[in-house]
Each structure stands twice: as structure tokens, then as C-alpha cells.
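Listing of input.pdb, PDB, C-alpha atoms
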```pdb
ATOM      1  CA  MET T   1     100.531 125.166 126.599  1.00  0.00           C
ATOM      2  CA  THR T   2     101.289 127.666 123.822  1.00  0.00           C
ATOM      3  CA  GLN T   3      98.809 130.314 122.779  1.00  0.00           C
ATOM      4  CA  GLU T   4      98.490 128.726 119.326  1.00  0.00           C
ATOM      5  CA  ARG T   5      97.673 125.336 120.872  1.00  0.00           C
ATOM      6  CA  ARG T   6      95.052 126.885 123.231  1.00  0.00           C
ATOM      7  CA  HIS T   7      93.427 128.639 120.276  1.00  0.00           C
ATOM      8  CA  SER T   8      93.394 125.369 118.327  1.00  0.00           C
ATOM      9  CA  ARG T   9      91.837 123.518 121.283  1.00  0.00           C
ATOM     10  CA  ARG T  10      89.087 126.171 121.667  1.00  0.00           C
ATOM     11  CA  TRP T  11      88.361 125.879 117.961  1.00  0.00           C
ATOM     12  CA  MET T  12      88.131 122.063 118.236  1.00  0.00           C
ATOM     13  CA  ASN T  13      85.741 122.332 121.210  1.00  0.00           C
ATOM     14  CA  GLY T  14      83.603 124.704 119.156  1.00  0.00           C
ATOM     15  CA  VAL T  15      83.497 122.178 116.290  1.00  0.00           C
ATOM     16  CA  VAL T  16      82.468 119.374 118.649  1.00  0.00           C
ATOM     17  CA  ILE T  17      79.704 121.510 120.177  1.00  0.00           C
ATOM     18  CA  ALA T  18      78.531 122.671 116.744  1.00  0.00           C
ATOM     19  CA  SER T  19      78.502 119.077 115.501  1.00  0.00           C
ATOM     20  CA  CYS T  20      76.422 117.937 118.480  1.00  0.00           C
ATOM     21  CA  VAL T  21      73.957 120.742 117.924  1.00  0.00           C
ATOM     22  CA  ALA T  22      73.709 119.901 114.221  1.00  0.00           C
ATOM     23  CA  LEU T  23      73.217 116.202 114.899  1.00  0.00           C
ATOM     24  CA  GLY T  24      70.591 117.003 117.537  1.00  0.00           C
ATOM     25  CA  CYS T  25      68.624 118.820 114.844  1.00  0.00           C
ATOM     26  CA  MET T  26      68.215 115.513 113.018  1.00  0.00           C
ATOM     27  CA  VAL T  27      65.693 114.348 115.665  1.00  0.00           C
ATOM     28  CA  PRO T  28      62.164 115.244 114.502  1.00  0.00           C
ATOM     29  CA  VAL T  29      60.650 118.181 116.361  1.00  0.00           C
ATOM     30  CA  GLY T  30      58.156 116.948 118.926  1.00  0.00           C
ATOM     31  CA  ALA T  31      59.593 113.408 118.902  1.00  0.00           C
ATOM     32  CA  GLN T  32      59.142 111.759 122.270  1.00  0.00           C
ATOM     33  CA  ILE T  33      61.627 109.144 123.364  1.00  0.00           C
ATOM     34  CA  GLU T  34      59.861 108.243 126.625  1.00  0.00           C
ATOM     35  CA  GLN T  35      57.243 109.669 128.953  1.00  0.00           C
ATOM     36  CA  ARG T  36      57.916 109.932 132.665  1.00  0.00           C
ATOM     37  CA  ILE T  37      55.835 109.633 135.819  1.00  0.00           C
ATOM     38  CA  GLU T  38      57.391 110.724 139.118  1.00  0.00           C
ATOM     39  CA  VAL T  39      55.999 109.009 142.225  1.00  0.00           C
ATOM     40  CA  THR T  40      57.131 110.009 145.689  1.00  0.00           C
ATOM     41  CA  ILE T  41      56.211 108.016 148.774  1.00  0.00           C
ATOM     42  CA  LYS T  42      56.034 110.292 151.792  1.00  0.00           C
ATOM     43  CA  ASP T  43      54.078 110.026 155.047  1.00  0.00           C
ATOM     44  CA  TYR T  44      52.487 106.761 153.861  1.00  0.00           C
ATOM     45  CA  THR T  45      51.075 108.457 150.768  1.00  0.00           C
ATOM     46  CA  PHE T  46      51.767 108.183 147.035  1.00  0.00           C
ATOM     47  CA  VAL T  47      52.238 111.550 145.328  1.00  0.00           C
ATOM     48  CA  ALA T  48      52.371 111.274 141.527  1.00  0.00           C
ATOM     49  CA  LYS T  49      53.534 113.940 139.069  1.00  0.00           C
ATOM     50  CA  GLN T  50      52.864 113.306 135.409  1.00  0.00           C
ATOM     51  CA  ALA T  51      52.036 114.909 132.106  1.00  0.00           C
ATOM     52  CA  PRO T  52      49.238 113.464 129.941  1.00  0.00           C
ATOM     53  CA  LEU T  53      50.235 109.933 128.956  1.00  0.00           C
ATOM     54  CA  ARG T  54      50.047 108.462 125.463  1.00  0.00           C
ATOM     55  CA  LEU T  55      49.549 104.825 124.546  1.00  0.00           C
ATOM     56  CA  GLY T  56      52.356 103.038 122.712  1.00  0.00           C
ATOM     57  CA  VAL T  57      55.079 105.380 124.020  1.00  0.00           C
ATOM     58  CA  PRO T  58      57.801 103.938 126.298  1.00  0.00           C
ATOM     59  CA  THR T  59      57.023 104.972 129.871  1.00  0.00           C
ATOM     60  CA  VAL T  60      59.184 105.341 132.988  1.00  0.00           C
ATOM     61  CA  ILE T  61      57.758 105.369 136.489  1.00  0.00           C
ATOM     62  CA  ALA T  62      60.431 106.778 138.822  1.00  0.00           C
ATOM     63  CA  ILE T  63      59.565 105.990 142.438  1.00  0.00           C
ATOM     64  CA  ARG T  64      61.307 107.438 145.484  1.00  0.00           C
ATOM     65  CA  ASN T  65      60.545 106.247 149.027  1.00  0.00           C
ATOM     66  CA  GLN T  66      61.159 109.176 151.388  1.00  0.00           C
ATOM     67  CA  ASP T  67      59.684 107.401 154.416  1.00  0.00           C
ATOM     68  CA  GLU T  68      61.606 105.572 157.139  1.00  0.00           C
ATOM     69  CA  GLU T  69      59.532 102.411 156.399  1.00  0.00           C
ATOM     70  CA  ARG T  70      59.778  99.873 153.603  1.00  0.00           C
ATOM     71  CA  HIS T  71      56.986 100.165 151.024  1.00  0.00           C
ATOM     72  CA  ASP T  72      55.815  98.294 147.961  1.00  0.00           C
ATOM     73  CA  PHE T  73      54.611  99.624 144.605  1.00  0.00           C
ATOM     74  CA  GLY T  74      52.485  97.281 142.507  1.00  0.00           C
ATOM     75  CA  SER T  75      49.829  97.622 139.838  1.00  0.00           C
ATOM     76  CA  PRO T  76      47.749  95.493 137.456  1.00  0.00           C
ATOM     77  CA  MET T  77      48.960  97.793 134.638  1.00  0.00           C
ATOM     78  CA  PHE T  78      52.074  95.592 134.435  1.00  0.00           C
ATOM     79  CA  GLU T  79      50.125  92.329 133.891  1.00  0.00           C
ATOM     80  CA  GLY T  80      51.273  90.693 130.665  1.00  0.00           C
ATOM     81  CA  THR T  81      53.478  93.693 129.819  1.00  0.00           C
ATOM     82  CA  LEU T  82      57.218  93.411 129.263  1.00  0.00           C
ATOM     83  CA  THR T  83      58.612  95.418 132.174  1.00  0.00           C
ATOM     84  CA  LYS T  84      62.146  96.422 133.178  1.00  0.00           C
ATOM     85  CA  VAL T  85      63.008  97.429 136.754  1.00  0.00           C
ATOM     86  CA  GLU T  86      66.239  99.256 137.637  1.00  0.00           C
ATOM     87  CA  SER T  87      67.143  99.558 141.299  1.00  0.00           C
ATOM     88  CA  ASP T  88      70.539 100.034 142.977  1.00  0.00           C
ATOM     89  CA  GLY T  89      72.397  98.892 139.882  1.00  0.00           C
ATOM     90  CA  VAL T  90      70.315  95.709 139.513  1.00  0.00           C
ATOM     91  CA  ILE T  91      68.145  95.308 136.425  1.00  0.00           C
ATOM     92  CA  SER T  92      65.260  92.825 136.283  1.00  0.00           C
ATOM     93  CA  TYR T  93      62.866  92.335 133.420  1.00  0.00           C
ATOM     94  CA  GLY T  94      60.016  90.127 132.353  1.00  0.00           C
ATOM     95  CA  ARG T  95      56.229  89.948 132.114  1.00  0.00           C
ATOM     96  CA  GLY T  96      53.763  90.046 134.979  1.00  0.00           C
ATOM     97  CA  LEU T  97      55.569  92.224 137.490  1.00  0.00           C
ATOM     98  CA  GLY T  98      53.619  92.033 140.734  1.00  0.00           C
ATOM     99  CA  GLY T  99      55.338  94.809 142.613  1.00  0.00           C
ATOM    100  CA  VAL T 100      58.598  96.393 143.680  1.00  0.00           C
ATOM    101  CA  LEU T 101      59.834  96.674 147.265  1.00  0.00           C
ATOM    102  CA  LEU T 102      61.439  99.990 148.170  1.00  0.00           C
ATOM    103  CA  ASP T 103      63.621 100.278 151.245  1.00  0.00           C
ATOM    104  CA  PRO T 104      63.604 103.572 153.184  1.00  0.00           C
ATOM    105  CA  LYS T 105      65.192 106.496 151.315  1.00  0.00           C
ATOM    106  CA  LYS T 106      65.653 104.380 148.148  1.00  0.00           C
ATOM    107  CA  GLY T 107      64.290 104.672 144.648  1.00  0.00           C
ATOM    108  CA  THR T 108      63.672 102.591 141.558  1.00  0.00           C
ATOM    109  CA  GLU T 109      62.625 103.028 137.935  1.00  0.00           C
ATOM    110  CA  ILE T 110      60.100 100.859 136.139  1.00  0.00           C
ATOM    111  CA  ARG T 111      60.128 100.928 132.313  1.00  0.00           C
ATOM    112  CA  PHE T 112      57.341  99.585 130.111  1.00  0.00           C
ATOM    113  CA  THR T 113      55.056 100.617 127.258  1.00  0.00           C
ATOM    114  CA  ILE T 114      51.386 101.270 127.937  1.00  0.00           C
ATOM    115  CA  GLU T 115      49.348  99.474 125.274  1.00  0.00           C
ATOM    116  CA  ARG T 116      45.767  99.680 126.550  1.00  0.00           C
ATOM    117  CA  PRO T 117      43.713 102.540 127.952  1.00  0.00           C
ATOM    118  CA  GLY T 118      42.074 102.305 131.350  1.00  0.00           C
ATOM    119  CA  ARG T 119      42.152 103.247 134.997  1.00  0.00           C
ATOM    120  CA  TYR T 120      45.075 101.571 136.732  1.00  0.00           C
ATOM    121  CA  GLU T 121      45.372 101.458 140.490  1.00  0.00           C
ATOM    122  CA  PHE T 122      48.730 101.178 142.195  1.00  0.00           C
ATOM    123  CA  ARG T 123      49.132 100.230 145.830  1.00  0.00           C
ATOM    124  CA  CYS T 124      51.432  99.202 148.654  1.00  0.00           C
ATOM    125  CA  SER T 125      50.734  95.605 149.643  1.00  0.00           C
ATOM    126  CA  ILE T 126      52.485  96.158 153.000  1.00  0.00           C
ATOM    127  CA  HIS T 127      50.224  99.121 153.882  1.00  0.00           C
ATOM    128  CA  PRO T 128      46.800  98.448 152.279  1.00  0.00           C
ATOM    129  CA  THR T 129      45.512 101.998 152.813  1.00  0.00           C
ATOM    130  CA  MET T 130      48.227 103.371 150.479  1.00  0.00           C
ATOM    131  CA  LYS T 131      46.678 103.615 147.014  1.00  0.00           C
ATOM    132  CA  GLY T 132      46.785 105.795 143.926  1.00  0.00           C
ATOM    133  CA  GLU T 133      45.719 105.559 140.295  1.00  0.00           C
ATOM    134  CA  LEU T 134      46.638 106.548 136.772  1.00  0.00           C
ATOM    135  CA  LEU T 135      44.004 107.244 134.140  1.00  0.00           C
ATOM    136  CA  LEU T 136      45.156 106.393 130.623  1.00  0.00           C
ATOM    137  CA  LEU T 137      42.982 107.616 127.776  1.00  0.00           C
ATOM    138  CA  ASN T 138      43.238 106.729 124.120  1.00  0.00           C
ATOM    139  CA  VAL T 139      43.273 110.211 122.598  1.00  0.00           C
ATOM    140  CA  GLU T 140      44.234 110.638 118.963  1.00  0.00           C
ATOM    141  CA  ALA T 141      46.789 113.340 118.191  1.00  0.00           C
ATOM    142  CA  VAL T 142      45.492 116.226 116.079  1.00  0.00           C
TER     143      VAL T 142
END
```

Since I need it in another form, could you write the structure as C-alpha cells?
Amino acid sequence: MTQERRHSRRWMNGVVIASCVALGCMVPVGAQIEQRIEVTIKDYTFVAKQAPLRLGVPTVIAIRNQDEERHDFGSPMFEGTLTKVESDGVISYGRGLGGVLLDPKKGTEIRFTIERPGRYEFRCSIHPTMKGELLLLNVEAV
């Protein structure tokens, strides 16, 4: 490749990067595309990591089963809510999701929008002592 062509290619890469940066600036500051909850299953326990959740914002619950046993993740928060589940390249969606089975060392993502405040328990129906909860408050932004 000639020196002139390399210089031209570097310049083109710079334009592409600059364009992406400029287009990214068109997204309103503070805009939130989706909120995320990380749930890890380890030693027959749910461990959840989350930031404060807002109603009406698309939500993703990413669940990872680190145990050597199969577990289930289910919650009444999905009742009547349009829910999408992505697991191992398979996508399922609908209303009234009862739960998701997770094989050992596997993960899944559940997408939905939280519309009503409340305290929502999640549990493993295979191991009834495995429980956790999310508290969703209706707090107005200032």
C-alpha cells in the first residue's frame, strides 16, 4: 500500500470516528435506553445487583446460573406483562411468563417494562428456599 493511500485511509477512519461521535451527541444527555438488573445464582442463592429502577423504562434482568444444578427464576412481576426471554439463541415472548429454567453454567436475559410499583418476589420453584425480591418505587424525577 502506498504512503498516500495509507494517509487517505487514516483520514477516512478519522472521519468515520468523528461522524459516530457527532451522531452520538444527538442522543439527549441522561437518556436511558434500558435499565439492567444482574442476578447471579451461586451456592443456591440469588445475588442481585441493580441501580434504582424507574417505572415505564425498558428493563433487562440478566441471570447467570453458576451452580452445578439446574435452577428456575420466576416472579409475579411478569404477570400480564409483555415479556421477552433470550436464552442460547432462542427468543420467546408473550404475557404471563411463569419462570425460566437455567441449566448449570448457563444464562438468560428477560426483557420487559415495569409498569406498576410494588415489592416483587422472585424464586426458584425447584428449590423453594431460594428467594429474593425487588422493591420498585414510584418516585418522580426532580

**Message:** Evaluate the PyMOL selection byres ((chain T and resi 74) around 6) against this structure - the residues, as a ChimeraX atom specification, please.
**Reply:** /T:73,75,98-99,122-123

**Request:** Could you please determine the separation between atom CA of T:Ile114 and atom CA of T:Ile41 in Å, to one decimal place?
**Result:** 22.4 Å

**Prompt:** Which is closer to T:Pro128 than all the others in T:Ile37, T:Ile61, T:His71, T:Thr81, using only C-alpha atoms?
**Reply:** T:His71

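The two atoms in question, atom CA of T:Ile110 and atom CA of T:Thr83, are spaced 6.9 Å apart.
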
**Prompt:** Which residue gives the smallest distance to T:Gly89 among T:Arg36, T:Asp103, T:Gln50, T:Thr108, with all atoms listed in the file counted?
**Reply:** T:Thr108

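Rounded to one decimal, atom CA of T:Met77 and atom CA of T:Tyr120 lie 5.8 Å from each other.
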
**Fill in**
Residue with the minimum atom-to-atom distance to T:Gly132, picked from T:Val85, T:Ile33, T:Arg119, T:Arg54 with all atoms listed in the file counted, is T:Arg119

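The protein and nucleic acid residues lying at most 8 Å from T:Asp67 are Ile41, Lys42, Asp43, Tyr44, Asn65, Glu69, Arg70, Pro104 and Lys105 of chain T, with only C-alpha atoms considered and sequence neighbours fewer than 2 positions away removed.
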
Residue selection dump (C-alpha atoms) as a short mmCIF file (atom, residue, chain, number, x, y, z; two decimals), keeping the file's coordinate frame:
```cif
data_model
loop_
_atom_site.label_atom_id
_atom_site.label_comp_id
_atom_site.auth_asym_id
_atom_site.auth_seq_id
_atom_site.Cartn_x
_atom_site.Cartn_y
_atom_site.Cartn_z
CA ILE T 41 56.21 108.02 148.77
CA LYS T 42 56.03 110.29 151.79
CA ASP T 43 54.08 110.03 155.05
CA TYR T 44 52.49 106.76 153.86
CA ASN T 65 60.54 106.25 149.03
CA GLU T 69 59.53 102.41 156.40
CA ARG T 70 59.78 99.87 153.60
CA PRO T 104 63.60 103.57 153.18
CA LYS T 105 65.19 106.50 151.32
#
```

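If you measure from each of T:Leu102, T:Ile91, T:Leu53, T:Val60 to T:Leu134 using only C-alpha atoms, the closest one turns out to be T:Leu53.
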
**Message:** Which residues would end up in the selection if the PyMOL selection byres ((chain T and resi 49) around 8) were applied here, given that I need the answer as a PyMOL selection string?
**Reply:** chain T and resi 37-39+47-48+50-51

Around the point (53.3, 94.0, 133.2) in the file's coordinates, collect all residues with an atom within 8 Å, using only C-alpha atoms, and return them as a PDB file with C-alpha atoms, in the frame of the given file.
```pdb
ATOM      1  CA  PRO T  76      47.749  95.493 137.456  1.00  0.00           C
ATOM      2  CA  MET T  77      48.960  97.793 134.638  1.00  0.00           C
ATOM      3  CA  PHE T  78      52.074  95.592 134.435  1.00  0.00           C
ATOM      4  CA  GLU T  79      50.125  92.329 133.891  1.00  0.00           C
ATOM      5  CA  GLY T  80      51.273  90.693 130.665  1.00  0.00           C
ATOM      6  CA  THR T  81      53.478  93.693 129.819  1.00  0.00           C
ATOM      7  CA  LEU T  82      57.218  93.411 129.263  1.00  0.00           C
ATOM      8  CA  THR T  83      58.612  95.418 132.174  1.00  0.00           C
ATOM      9  CA  GLY T  94      60.016  90.127 132.353  1.00  0.00           C
ATOM     10  CA  ARG T  95      56.229  89.948 132.114  1.00  0.00           C
ATOM     11  CA  GLY T  96      53.763  90.046 134.979  1.00  0.00           C
ATOM     12  CA  LEU T  97      55.569  92.224 137.490  1.00  0.00           C
ATOM     13  CA  GLY T  98      53.619  92.033 140.734  1.00  0.00           C
ATOM     14  CA  PHE T 112      57.341  99.585 130.111  1.00  0.00           C
TER      15      PHE T 112
END
```

**Request:** Go through T:Pro52, T:Thr113, T:Leu101, T:Arg64 and flag the residue nearest T:His127, using all atoms listed in the file for the distances.
**Result:** T:Leu101

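With distances taken over all atoms listed in the file, T:Thr45 is the one residue among T:Ser87, T:Thr129, T:Gln35, T:Thr45 lying closest to T:Gln66.
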